[in-house]
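Next up, upload02.pdb (PDB, C-alpha atoms and all ligand atoms):
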ATOM      1  CA  MET A   1      15.554  16.794   8.783
ATOM      2  CA  ASN A   2      13.455  17.302  11.848
ATOM      3  CA  ALA A   3      10.103  18.733  10.804
ATOM      4  CA  SER A   4      10.829  22.119  12.337
ATOM      5  CA  ASN A   5      14.152  22.410  10.538
ATOM      6  CA  THR A   6      13.770  20.945   7.066
ATOM      7  CA  ALA A   7      15.893  23.639   5.384
ATOM      8  CA  THR A   8      18.977  22.805   7.411
ATOM      9  CA  PRO A   9      18.610  19.176   8.424
ATOM     10  CA  ARG A  10      20.222  18.406  11.719
ATOM     11  CA  HIS A  11      18.317  15.663  13.473
ATOM     12  CA  LEU A  12      15.946  12.876  12.436
ATOM     13  CA  LEU A  13      13.479  12.574  15.296
ATOM     14  CA  THR A  14      10.262  11.646  13.494
ATOM     15  CA  LEU A  15       8.847  11.316   9.984
ATOM     16  CA  ASP A  16       5.906  13.485  11.001
ATOM     17  CA  GLY A  17       5.901  16.620   8.849
ATOM     18  CA  LEU A  18       8.477  15.421   6.328
ATOM     19  CA  SER A  19       7.313  15.993   2.753
ATOM     20  CA  ARG A  20       6.980  13.433   0.004
ATOM     21  CA  ASP A  21       9.972  15.084  -1.719
ATOM     22  CA  VAL A  22      12.217  14.770   1.332
ATOM     23  CA  LEU A  23      11.209  11.134   1.884
ATOM     24  CA  THR A  24      11.624  10.293  -1.799
ATOM     25  CA  ALA A  25      15.094  11.852  -1.926
ATOM     26  CA  LEU A  26      16.173   9.700   1.023
ATOM     27  CA  LEU A  27      14.687   6.570  -0.553
ATOM     28  CA  VAL A  28      16.377   7.228  -3.894
ATOM     29  CA  ARG A  29      19.707   7.741  -2.136
ATOM     30  CA  ALA A  30      19.165   4.585  -0.068
ATOM     31  CA  GLN A  31      18.415   2.630  -3.244
ATOM     32  CA  ALA A  32      21.808   3.693  -4.639
ATOM     33  CA  PHE A  33      23.466   2.503  -1.446
ATOM     34  CA  ALA A  34      21.517  -0.779  -1.622
ATOM     35  CA  GLU A  35      22.991  -1.250  -5.102
ATOM     36  CA  GLY A  36      26.495  -0.766  -3.702
ATOM     37  CA  HIS A  37      27.180   2.768  -4.958
ATOM     38  CA  TYR A  38      28.868   4.543  -2.093
ATOM     39  CA  ASP A  39      32.000   6.371  -1.041
ATOM     40  CA  ARG A  40      33.792   4.547   1.771
ATOM     41  CA  ARG A  41      35.353   7.843   2.887
ATOM     42  CA  ALA A  42      32.172   9.935   2.971
ATOM     43  CA  LEU A  43      32.213  10.200   6.782
ATOM     44  CA  ASP A  44      35.973   9.975   7.242
ATOM     45  CA  GLY A  45      36.905  11.479  10.625
ATOM     46  CA  VAL A  46      33.301  11.663  11.865
ATOM     47  CA  ALA A  47      32.604   9.899  15.169
ATOM     48  CA  VAL A  48      29.191   8.253  15.571
ATOM     49  CA  CYS A  49      27.885   6.654  18.759
ATOM     50  CA  THR A  50      25.000   4.204  19.039
ATOM     51  CA  LEU A  51      23.486   5.078  22.405
ATOM     52  CA  PHE A  52      20.865   2.441  23.181
ATOM     53  CA  PHE A  53      18.997   2.318  26.475
ATOM     54  CA  GLU A  54      16.734  -0.486  25.218
ATOM     55  CA  PRO A  55      17.700  -3.773  23.544
ATOM     56  CA  SER A  56      18.105  -4.002  19.775
ATOM     57  CA  THR A  57      19.560  -6.318  17.178
ATOM     58  CA  ARG A  58      18.566  -4.989  13.741
ATOM     59  CA  THR A  59      18.616  -1.232  14.338
ATOM     60  CA  ARG A  60      21.840  -1.111  16.265
ATOM     61  CA  MET A  61      23.804  -3.506  14.082
ATOM     62  CA  SER A  62      22.607  -1.908  10.840
ATOM     63  CA  PHE A  63      23.460   1.615  12.029
ATOM     64  CA  THR A  64      26.899   0.350  13.025
ATOM     65  CA  LEU A  65      27.433  -1.238   9.632
ATOM     66  CA  ALA A  66      26.035   1.822   7.833
ATOM     67  CA  ALA A  67      28.388   4.195   9.645
ATOM     68  CA  GLN A  68      31.369   1.883   9.068
ATOM     69  CA  ARG A  69      30.613   1.583   5.355
ATOM     70  CA  LEU A  70      30.750   5.371   5.082
ATOM     71  CA  GLY A  71      34.088   5.490   6.904
ATOM     72  CA  ALA A  72      32.930   6.867  10.270
ATOM     73  CA  ASP A  73      34.523   5.996  13.607
ATOM     74  CA  VAL A  74      31.827   4.057  15.468
ATOM     75  CA  LEU A  75      31.379   3.755  19.230
ATOM     76  CA  ASN A  76      28.836   1.280  20.561
ATOM     77  CA  PHE A  77      27.653   2.340  24.011
ATOM     78  CA  ASP A  78      26.624  -0.551  26.274
ATOM     79  CA  ALA A  79      24.265   0.738  28.957
ATOM     80  CA  SER A  80      24.759  -2.346  31.160
ATOM     81  CA  THR A  81      28.517  -1.752  31.543
ATOM     82  CA  SER A  82      28.418   2.050  31.433
ATOM     83  CA  SER A  83      28.313   4.639  34.189
ATOM     84  CA  THR A  84      24.534   4.904  33.766
ATOM     85  CA  SER A  85      24.548   1.894  36.117
ATOM     86  CA  LYS A  86      26.075   4.294  38.707
ATOM     87  CA  GLY A  87      23.275   6.784  38.130
ATOM     88  CA  GLU A  88      24.681   8.962  35.335
ATOM     89  CA  THR A  89      21.879  10.435  33.242
ATOM     90  CA  ALA A  90      21.399   9.997  29.493
ATOM     91  CA  LEU A  91      22.036  13.722  29.058
ATOM     92  CA  ASP A  92      25.329  13.656  30.978
ATOM     93  CA  THR A  93      26.311  10.579  28.983
ATOM     94  CA  MET A  94      25.644  12.380  25.698
ATOM     95  CA  LYS A  95      27.448  15.563  26.797
ATOM     96  CA  ASN A  96      30.525  13.545  27.849
ATOM     97  CA  LEU A  97      30.620  11.752  24.505
ATOM     98  CA  GLU A  98      30.202  15.107  22.717
ATOM     99  CA  ALA A  99      33.220  16.334  24.688
ATOM    100  CA  MET A 100      35.203  13.449  23.147
ATOM    101  CA  GLY A 101      34.216  14.672  19.691
ATOM    102  CA  VAL A 102      31.229  12.474  18.867
ATOM    103  CA  ARG A 103      29.116  14.289  16.242
ATOM    104  CA  GLY A 104      26.412  11.753  15.497
ATOM    105  CA  PHE A 105      24.232   9.992  18.051
ATOM    106  CA  VAL A 106      21.859   7.165  17.225
ATOM    107  CA  ILE A 107      19.638   6.897  20.292
ATOM    108  CA  ARG A 108      17.032   4.411  21.489
ATOM    109  CA  HIS A 109      15.126   5.067  24.689
ATOM    110  CA  ARG A 110      12.131   3.547  26.440
ATOM    111  CA  GLU A 111      10.425   6.929  27.031
ATOM    112  CA  ASP A 112       8.354   8.791  24.457
ATOM    113  CA  GLY A 113      10.052  12.083  23.564
ATOM    114  CA  ALA A 114      13.383  11.211  25.212
ATOM    115  CA  VAL A 115      15.430  11.640  22.017
ATOM    116  CA  ALA A 116      13.789  14.982  21.194
ATOM    117  CA  ALA A 117      14.542  16.139  24.744
ATOM    118  CA  LEU A 118      18.224  15.208  24.310
ATOM    119  CA  ALA A 119      18.296  16.991  20.942
ATOM    120  CA  GLY A 120      17.308  20.179  22.752
ATOM    121  CA  HIS A 121      20.616  20.022  24.662
ATOM    122  CA  ALA A 122      22.905  18.984  21.793
ATOM    123  CA  ASN A 123      25.756  21.204  20.603
ATOM    124  CA  PRO A 124      25.139  23.049  17.324
ATOM    125  CA  GLY A 125      27.364  20.656  15.368
ATOM    126  CA  THR A 126      25.784  17.487  16.770
ATOM    127  CA  SER A 127      23.121  15.400  15.004
ATOM    128  CA  LEU A 128      20.753  12.938  16.644
ATOM    129  CA  VAL A 129      18.820  10.104  15.046
ATOM    130  CA  ASN A 130      15.875   8.620  16.880
ATOM    131  CA  ALA A 131      16.354   4.845  16.789
ATOM    132  CA  GLY A 132      13.049   4.324  18.594
ATOM    133  CA  ASP A 133      11.566   6.150  21.606
ATOM    134  CA  GLY A 134       8.836   4.444  23.618
ATOM    135  CA  ARG A 135       5.753   3.986  21.462
ATOM    136  CA  SER A 136       6.324   7.307  19.709
ATOM    137  CA  ALA A 137       8.533   7.009  16.610
ATOM    138  CA  HIS A 138      11.027   4.807  14.787
ATOM    139  CA  PRO A 139      11.702   6.904  11.701
ATOM    140  CA  THR A 140      14.420   4.780  10.094
ATOM    141  CA  GLN A 141      12.206   1.684  10.379
ATOM    142  CA  GLY A 142       9.484   3.660   8.603
ATOM    143  CA  LEU A 143      11.958   4.598   5.871
ATOM    144  CA  LEU A 144      13.268   1.073   5.384
ATOM    145  CA  ASP A 145       9.717  -0.238   5.205
ATOM    146  CA  MET A 146       8.947   2.313   2.476
ATOM    147  CA  LEU A 147      12.118   1.401   0.566
ATOM    148  CA  THR A 148      11.096  -2.269   0.715
ATOM    149  CA  LEU A 149       7.581  -1.500  -0.506
ATOM    150  CA  ARG A 150       8.946   0.753  -3.254
ATOM    151  CA  GLN A 151      11.275  -1.976  -4.521
ATOM    152  CA  ALA A 152       8.449  -4.513  -4.547
ATOM    153  CA  LYS A 153       5.602  -2.353  -5.848
ATOM    154  CA  GLY A 154       7.132   0.674  -7.546
ATOM    155  CA  ALA A 155       7.416   4.341  -6.665
ATOM    156  CA  ASP A 156       3.720   5.176  -7.142
ATOM    157  CA  PHE A 157       2.025   4.397  -3.830
ATOM    158  CA  SER A 158      -1.351   5.783  -4.909
ATOM    159  CA  ARG A 159      -2.776   2.430  -5.944
ATOM    160  CA  LEU A 160      -1.403   0.512  -2.985
ATOM    161  CA  LYS A 161      -3.701  -1.015  -0.388
ATOM    162  CA  VAL A 162      -1.740  -1.680   2.776
ATOM    163  CA  ALA A 163      -2.920  -3.410   5.965
ATOM    164  CA  ILE A 164      -1.104  -2.752   9.250
ATOM    165  CA  VAL A 165      -2.039  -5.536  11.655
ATOM    166  CA  GLY A 166      -1.658  -6.111  15.376
ATOM    167  CA  ASP A 167      -0.538  -4.105  18.373
ATOM    168  CA  VAL A 168      -0.645  -0.622  16.854
ATOM    169  CA  LYS A 169      -1.225   1.023  20.214
ATOM    170  CA  HIS A 170       2.247   0.272  21.546
ATOM    171  CA  SER A 171       4.069   0.375  18.201
ATOM    172  CA  ARG A 172       6.444   3.187  17.283
ATOM    173  CA  VAL A 173       6.962   1.356  13.985
ATOM    174  CA  ALA A 174       3.269   1.650  13.126
ATOM    175  CA  ARG A 175       3.272   5.384  13.850
ATOM    176  CA  SER A 176       6.275   5.998  11.601
ATOM    177  CA  ASP A 177       4.861   3.726   8.876
ATOM    178  CA  LEU A 178       1.532   5.569   8.968
ATOM    179  CA  GLN A 179       3.269   8.934   8.651
ATOM    180  CA  ALA A 180       5.379   7.740   5.727
ATOM    181  CA  LEU A 181       2.518   5.992   3.917
ATOM    182  CA  ARG A 182       0.371   9.140   4.163
ATOM    183  CA  ALA A 183       3.209  11.391   2.959
ATOM    184  CA  LEU A 184       3.908   9.087   0.007
ATOM    185  CA  GLY A 185       0.222   9.046  -0.934
ATOM    186  CA  ALA A 186      -0.719   5.402  -0.255
ATOM    187  CA  GLY A 187      -4.098   4.616  -1.821
ATOM    188  CA  GLU A 188      -5.697   2.907   1.183
ATOM    189  CA  ILE A 189      -4.370   2.235   4.654
ATOM    190  CA  ARG A 190      -6.198  -0.388   6.677
ATOM    191  CA  VAL A 191      -5.458  -0.932  10.342
ATOM    192  CA  CYS A 192      -6.576  -4.108  12.063
ATOM    193  CA  GLY A 193      -6.253  -5.396  15.615
ATOM    194  CA  PRO A 194      -8.192  -6.013  18.807
ATOM    195  CA  ALA A 195      -9.863  -2.848  20.136
ATOM    196  CA  ALA A 196      -7.602  -2.874  23.213
ATOM    197  CA  LEU A 197      -4.501  -2.694  20.979
ATOM    198  CA  LEU A 198      -5.597   0.127  18.673
ATOM    199  CA  PRO A 199      -4.913   3.733  19.689
ATOM    200  CA  ASP A 200      -7.831   6.143  20.135
ATOM    201  CA  ASP A 201      -5.746   9.324  20.076
ATOM    202  CA  GLY A 202      -6.144  10.364  16.436
ATOM    203  CA  THR A 203      -3.224   8.253  15.190
ATOM    204  CA  LEU A 204      -5.545   6.280  12.900
ATOM    205  CA  GLN A 205      -7.212   9.285  11.270
ATOM    206  CA  GLY A 206      -7.976   8.534   7.613
ATOM    207  CA  CYS A 207      -7.344   4.781   8.013
ATOM    208  CA  VAL A 208      -9.944   2.060   7.502
ATOM    209  CA  VAL A 209     -10.098   0.530  10.978
ATOM    210  CA  SER A 210     -11.247  -3.058  11.502
ATOM    211  CA  HIS A 211     -11.183  -5.815  14.101
ATOM    212  CA  ASP A 212     -11.698  -8.549  11.502
ATOM    213  CA  LEU A 213      -8.414  -9.703   9.968
ATOM    214  CA  ASP A 214     -10.015 -11.698   7.146
ATOM    215  CA  ALA A 215     -11.877  -8.587   5.978
ATOM    216  CA  ALA A 216      -8.834  -6.349   6.442
ATOM    217  CA  LEU A 217      -6.679  -8.584   4.250
ATOM    218  CA  GLU A 218      -9.121  -8.782   1.350
ATOM    219  CA  GLY A 219      -7.258  -7.659  -1.789
ATOM    220  CA  VAL A 220      -4.382  -5.885  -0.022
ATOM    221  CA  ASP A 221      -0.992  -5.442  -1.705
ATOM    222  CA  ALA A 222       0.963  -5.553   1.531
ATOM    223  CA  ALA A 223       0.358  -6.935   5.012
ATOM    224  CA  MET A 224       2.562  -5.241   7.590
ATOM    225  CA  MET A 225       2.463  -7.374  10.726
ATOM    226  CA  LEU A 226       3.436  -5.994  14.142
ATOM    227  CA  ARG A 227       4.949  -7.562  17.213
ATOM    228  CA  LEU A 228       2.908  -7.747  20.416
ATOM    229  CA  GLN A 229       4.830  -5.259  22.580
ATOM    230  CA  ARG A 230       4.194  -7.032  25.850
ATOM    231  CA  GLU A 231       6.923  -5.042  27.618
ATOM    232  CA  ARG A 232       4.848  -1.863  27.077
ATOM    233  CA  MET A 233       1.437  -3.324  27.923
ATOM    234  CA  GLU A 234      -0.623  -3.134  31.044
ATOM    235  CA  GLU A 235      -1.267  -6.589  32.534
ATOM    236  CA  GLY A 236      -4.118  -8.467  30.936
ATOM    237  CA  LEU A 237      -4.435  -6.577  27.628
ATOM    238  CA  VAL A 238      -3.747  -9.828  25.817
ATOM    239  CA  THR A 239      -4.989 -12.718  27.922
ATOM    240  CA  SER A 240      -4.115 -15.615  25.631
ATOM    241  CA  LEU A 241      -1.526 -15.820  22.860
ATOM    242  CA  ASP A 242      -3.484 -18.729  21.356
ATOM    243  CA  ASP A 243      -6.609 -16.556  21.125
ATOM    244  CA  TYR A 244      -4.564 -13.718  19.650
ATOM    245  CA  HIS A 245      -3.101 -16.032  17.040
ATOM    246  CA  ARG A 246      -6.535 -17.439  16.186
ATOM    247  CA  ASP A 247      -7.961 -13.937  15.598
ATOM    248  CA  TYR A 248      -4.972 -11.908  14.370
ATOM    249  CA  GLY A 249      -2.216 -14.320  13.359
ATOM    250  CA  LEU A 250      -1.235 -14.295   9.686
ATOM    251  CA  THR A 251      -1.484 -17.830   8.297
ATOM    252  CA  ALA A 252      -1.022 -19.065   4.744
ATOM    253  CA  ALA A 253      -4.805 -19.601   4.473
ATOM    254  CA  ARG A 254      -5.519 -16.036   5.545
ATOM    255  CA  LEU A 255      -2.859 -14.624   3.236
ATOM    256  CA  ARG A 256      -4.777 -16.065   0.261
ATOM    257  CA  ARG A 257      -7.388 -13.315   0.848
ATOM    258  CA  ALA A 258      -4.788 -10.708  -0.109
ATOM    259  CA  ALA A 259      -3.831  -9.895  -3.710
ATOM    260  CA  PRO A 260      -2.003 -12.851  -5.336
ATOM    261  CA  ASP A 261       1.253 -10.877  -5.431
ATOM    262  CA  ALA A 262       0.823  -9.376  -1.972
ATOM    263  CA  VAL A 263       3.924  -9.001   0.156
ATOM    264  CA  VAL A 264       4.312  -9.678   3.870
ATOM    265  CA  MET A 265       6.401  -7.508   6.155
ATOM    266  CA  HIS A 266       7.322  -7.511   9.840
ATOM    267  CA  PRO A 267       9.809  -5.192  11.580
ATOM    268  CA  GLY A 268      11.125  -7.914  13.888
ATOM    269  CA  PRO A 269      11.719  -9.365  16.314
ATOM    270  CA  MET A 270       8.953 -11.839  15.459
ATOM    271  CA  ASN A 271       6.829 -13.829  17.862
ATOM    272  CA  ARG A 272       6.646 -16.813  15.520
ATOM    273  CA  GLY A 273       3.390 -18.706  15.903
ATOM    274  CA  VAL A 274       1.705 -15.668  17.450
ATOM    275  CA  GLU A 275       1.394 -12.801  14.952
ATOM    276  CA  ILE A 276       2.758 -14.815  12.037
ATOM    277  CA  THR A 277       3.301 -18.504  11.224
ATOM    278  CA  ASP A 278       6.665 -19.911  10.156
ATOM    279  CA  GLU A 279       5.143 -20.827   6.802
ATOM    280  CA  VAL A 280       4.310 -17.187   6.050
ATOM    281  CA  ALA A 281       7.378 -15.627   7.679
ATOM    282  CA  ASP A 282       9.687 -17.869   5.659
ATOM    283  CA  GLY A 283       7.470 -18.128   2.582
ATOM    284  CA  PRO A 284       7.826 -16.690  -0.919
ATOM    285  CA  GLN A 285       5.753 -13.580  -0.203
ATOM    286  CA  SER A 286       7.791 -12.586   2.838
ATOM    287  CA  LEU A 287      10.069  -9.541   2.541
ATOM    288  CA  ILE A 288      11.126  -9.677   6.167
ATOM    289  CA  LEU A 289      14.828 -10.282   5.550
ATOM    290  CA  LYS A 290      14.748  -7.823   2.645
ATOM    291  CA  GLN A 291      13.569  -5.217   5.162
ATOM    292  CA  VAL A 292      16.545  -6.015   7.370
ATOM    293  CA  GLY A 293      18.999  -5.648   4.482
ATOM    294  CA  ASN A 294      17.407  -2.373   3.436
ATOM    295  CA  GLY A 295      17.925  -1.101   6.968
ATOM    296  CA  VAL A 296      21.644  -0.714   6.282
ATOM    297  CA  ALA A 297      21.086   1.270   3.071
ATOM    298  CA  VAL A 298      18.460   3.565   4.610
ATOM    299  CA  ARG A 299      20.647   4.252   7.614
ATOM    300  CA  MET A 300      23.568   5.092   5.344
ATOM    301  CA  ALA A 301      21.345   7.617   3.571
ATOM    302  CA  VAL A 302      20.250   9.181   6.854
ATOM    303  CA  LEU A 303      23.779   9.374   8.301
ATOM    304  CA  GLU A 304      25.100  10.879   5.086
ATOM    305  CA  ALA A 305      22.309  13.479   4.948
ATOM    306  CA  LEU A 306      22.897  14.561   8.542
ATOM    307  CA  LEU A 307      26.648  14.270   8.925
ATOM    308  CA  ARG A 308      28.409  14.767   5.604
ATOM    309  CA  GLY A 309      30.072  18.119   5.222
TER     310      GLY A 309
HETATM  311  N1  LIG B 401      12.889  -3.453  14.095
HETATM  312  C1  LIG B 401      13.665  -3.200  15.168
HETATM  313  O1  LIG B 401      13.674  -2.072  15.669
HETATM  314  O2  LIG B 401      14.404  -4.256  15.609
HETATM  315  P1  LIG B 401      15.449  -4.182  16.808
HETATM  316  O3  LIG B 401      14.640  -3.913  18.078
HETATM  317  O4  LIG B 401      16.132  -5.495  16.836
HETATM  318  O5  LIG B 401      16.366  -3.038  16.542
END
If you convert what's in this file into structure tokens, what do you get?
Amino acid sequence: MNASNTATPRHLLTLDGLSRDVLTALLVRAQAFAEGHYDRRALDGVAVCTLFFEPSTRTRMSFTLAAQRLGADVLNFDASTSSTSKGETALDTMKNLEAMGVRGFVIRHREDGAVAALAGHANPGTSLVNAGDGRSAHPTQGLLDMLTLRQAKGADFSRLKVAIVGDVKHSRVARSDLQALRALGAGEIRVCGPAALLPDDGTLQGCVVSHDLDAALEGVDAAMMLRLQRERMEEGLVTSLDDYHRDYGLTAARLRRAAPDAVVMHPGPMNRGVEITDEVADGPQSLILKQVGNGVAVRMAVLEALLRG
């Protein structure tokens, strides 16, 4: 599934380069899983390890549940109690788990490119899924966001106006969402945030870029809010959370600028009262928990595509 190897999918490292057909096939399969149509023995005898070197709630738990629902044996690696605390490298950790027979690795790492680097050392029968590396990619979050949008707005993305709001610069979710929205032919992609939190490396090519949230929300069908990734920021990029909320927080009043049936999304974890108010996060237009539920179905589709047979 990696872009360089679409004919014989082996890893899912990024959505970059995946075609509309490949993405659509995964979303259709995930929809079937979301509706409860699956074979509980599909991955019988396959060992899958979640290998997370950064914290996670949604991604890790949903991959675990996805693998279990398909009948896999699941190992959850805990970095804090593992031999990495004695200096063992991520690569040695993966090779040792491969030696035990693990065939699927779901990996999160703080460094950009770390999962791709590990994939370069994997045995021929091993598959890796990038569960988020640095600010680079979070492909299954991108897929679950597209499944959620598809359920709410239909399969034709060409008339959709989508706003991605907040700390795009440090967001692997935003990069994967942008890649998926482009591949699926989204009508208009708006990106809004303070200048210091928008990337200037070509990531936003083709997007309508704005620093004015009221203008960016005008008539949109979906507002995809992002978390402030303070753990990846240089000191001082955001001086005041109150100022950030005043300028870029999604409130019920602001949401009224969007289309009347607009939906609100957020990958989590949320900084409530900063990028989004409780009223919006828990309101009728919010699909935030729907996204979380769809994470299980999407991850089942990815594990099945990489590991079955
Ligand atoms: N959206 C997301 O990646 O959440 P977690 O960090 O909890 O996995």
Counting only C-alpha atoms and all ligand atoms, give me one row per residue of chain A with an atom at most 8 Å from an atom of ligand LIG 401 (chain B), showing the shortest contact pair and its distance in Å to one decimal, sorted by chain then residue number, as CSV.
residue,atom,partner,partner_atom,distance
A:Pro55,CA,B:LIG401,O3,6.3
A:Ser56,CA,B:LIG401,O5,3.8
A:Thr57,CA,B:LIG401,O4,3.5
A:Arg58,CA,B:LIG401,O4,4.0
A:Thr59,CA,B:LIG401,O5,3.6
A:Arg60,CA,B:LIG401,O5,5.8
A:Met61,CA,B:LIG401,O5,7.8
A:Ala131,CA,B:LIG401,O1,7.5
A:Gly132,CA,B:LIG401,O1,7.1
A:His138,CA,B:LIG401,O1,7.4
A:Gln141,CA,B:LIG401,N1,6.4
A:Val173,CA,B:LIG401,N1,7.6
A:Pro267,CA,B:LIG401,N1,4.3
A:Gly268,CA,B:LIG401,N1,4.8
A:Pro269,CA,B:LIG401,O2,5.8
Sort by chain and increasing residue number a table of all residues of range 139-198 of chain A within 12 Å of range 276-296 of chain A, each with its closest pair of atoms and their distance in Å to one decimal, counting all atoms listed in the file, and write it as CSV.
residue,atom,partner,partner_atom,distance
A:Pro139,CA,A:Gly295,CA,11.2
A:Thr140,CA,A:Gly295,CA,7.5
A:Gln141,CA,A:Gly295,CA,7.2
A:Gly142,CA,A:Gly295,CA,9.8
A:Leu143,CA,A:Gly295,CA,8.3
A:Leu144,CA,A:Gly295,CA,5.4
A:Asp145,CA,A:Gln291,CA,6.3
A:Met146,CA,A:Gln291,CA,9.2
A:Leu147,CA,A:Asn294,CA,7.1
A:Thr148,CA,A:Gln291,CA,5.9
A:Leu149,CA,A:Leu287,CA,9.0
A:Arg150,CA,A:Asn294,CA,11.2
A:Gln151,CA,A:Lys290,CA,9.9
A:Ala152,CA,A:Leu287,CA,8.8
A:Lys153,CA,A:Leu287,CA,11.9
A:Val165,CA,A:Ile276,CA,10.5
A:Gly166,CA,A:Ile276,CA,10.3
Quick check, in Å to one decimal: how far apart do CA of Asp39 in chain A and CA of Ala301 in chain A lie?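 Spanning CA of Asp39 in chain A to CA of Ala301 in chain A is a straight-line distance of 11.7 Å.
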May I have the protein, DNA and RNA residues with an atom at most 8 Å from (33.8, 7.0, 2.7), counting only C-alpha atoms in the file's coordinates, returned as a list in words?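 Residues lying no farther than 8 Å from the given point: Tyr38, Asp39, Arg40, Arg41, Ala42, Leu43, Asp44, Arg69, Leu70, Gly71 and Ala72 of chain A.
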What is the distance, in Å and to one decimal place, between CA of Met270 in chain A and CA of Glu111 in chain A?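 Computing the Euclidean distance for CA of Met270 in chain A and CA of Glu111 in chain A yields 22.1 Å.
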Here is a test: counting only C-alpha atoms, which residue of A:Val168, A:Leu13, A:Val264, A:Leu181 is nearest to Leu118 in chain A?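 So, comparing all the options, the nearest one is A:Leu13.
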Smallest atom-to-atom distance to Gln68 in chain A: which of A:Tyr248, A:Ala47, A:Phe53, A:Glu88, using all atoms listed in the file?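 Of the candidates, the smallest distance to Gln68 in chain A is held by A:Ala47.
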Compile the contact shell of Leu184 in chain A as a PDB file with C-alpha atoms, in the frame of the given file: residues with an atom at most 10 Å away, counting all atoms listed in the file, same-chain residues fewer than 4 positions apart removed.
ATOM      1  CA  SER A  19       7.313  15.993   2.753  1.00  0.00           C
ATOM      2  CA  ARG A  20       6.980  13.433   0.004  1.00  0.00           C
ATOM      3  CA  ASP A  21       9.972  15.084  -1.719  1.00  0.00           C
ATOM      4  CA  LEU A  23      11.209  11.134   1.884  1.00  0.00           C
ATOM      5  CA  THR A  24      11.624  10.293  -1.799  1.00  0.00           C
ATOM      6  CA  MET A 146       8.947   2.313   2.476  1.00  0.00           C
ATOM      7  CA  ALA A 155       7.416   4.341  -6.665  1.00  0.00           C
ATOM      8  CA  ASP A 156       3.720   5.176  -7.142  1.00  0.00           C
ATOM      9  CA  PHE A 157       2.025   4.397  -3.830  1.00  0.00           C
ATOM     10  CA  SER A 158      -1.351   5.783  -4.909  1.00  0.00           C
ATOM     11  CA  LEU A 178       1.532   5.569   8.968  1.00  0.00           C
ATOM     12  CA  GLN A 179       3.269   8.934   8.651  1.00  0.00           C
ATOM     13  CA  ALA A 180       5.379   7.740   5.727  1.00  0.00           C
TER      14      ALA A 180
END
At what distance in Å, to one decimal, does CA of Asp201 in chain A lie from CA of Glu218 in chain A?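 One can read the CA of Glu218 in chain A to CA of Asp201 in chain A distance as 26.3 Å.
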Quick one: which residues end up in the PyMOL selection byres (((chain A and resi 102) around 10) and not hetatm) for this structure, as a ChimeraX atom specification? /A:46-49,73-75,94-101,103-105,125-127
List, as a PyMOL selection string, every residue that the PyMOL selection byres (((chain A and resi 241) around 12) and not hetatm) selects in the file provided. chain A and resi 227-228+230+236-240+242-249+271-276
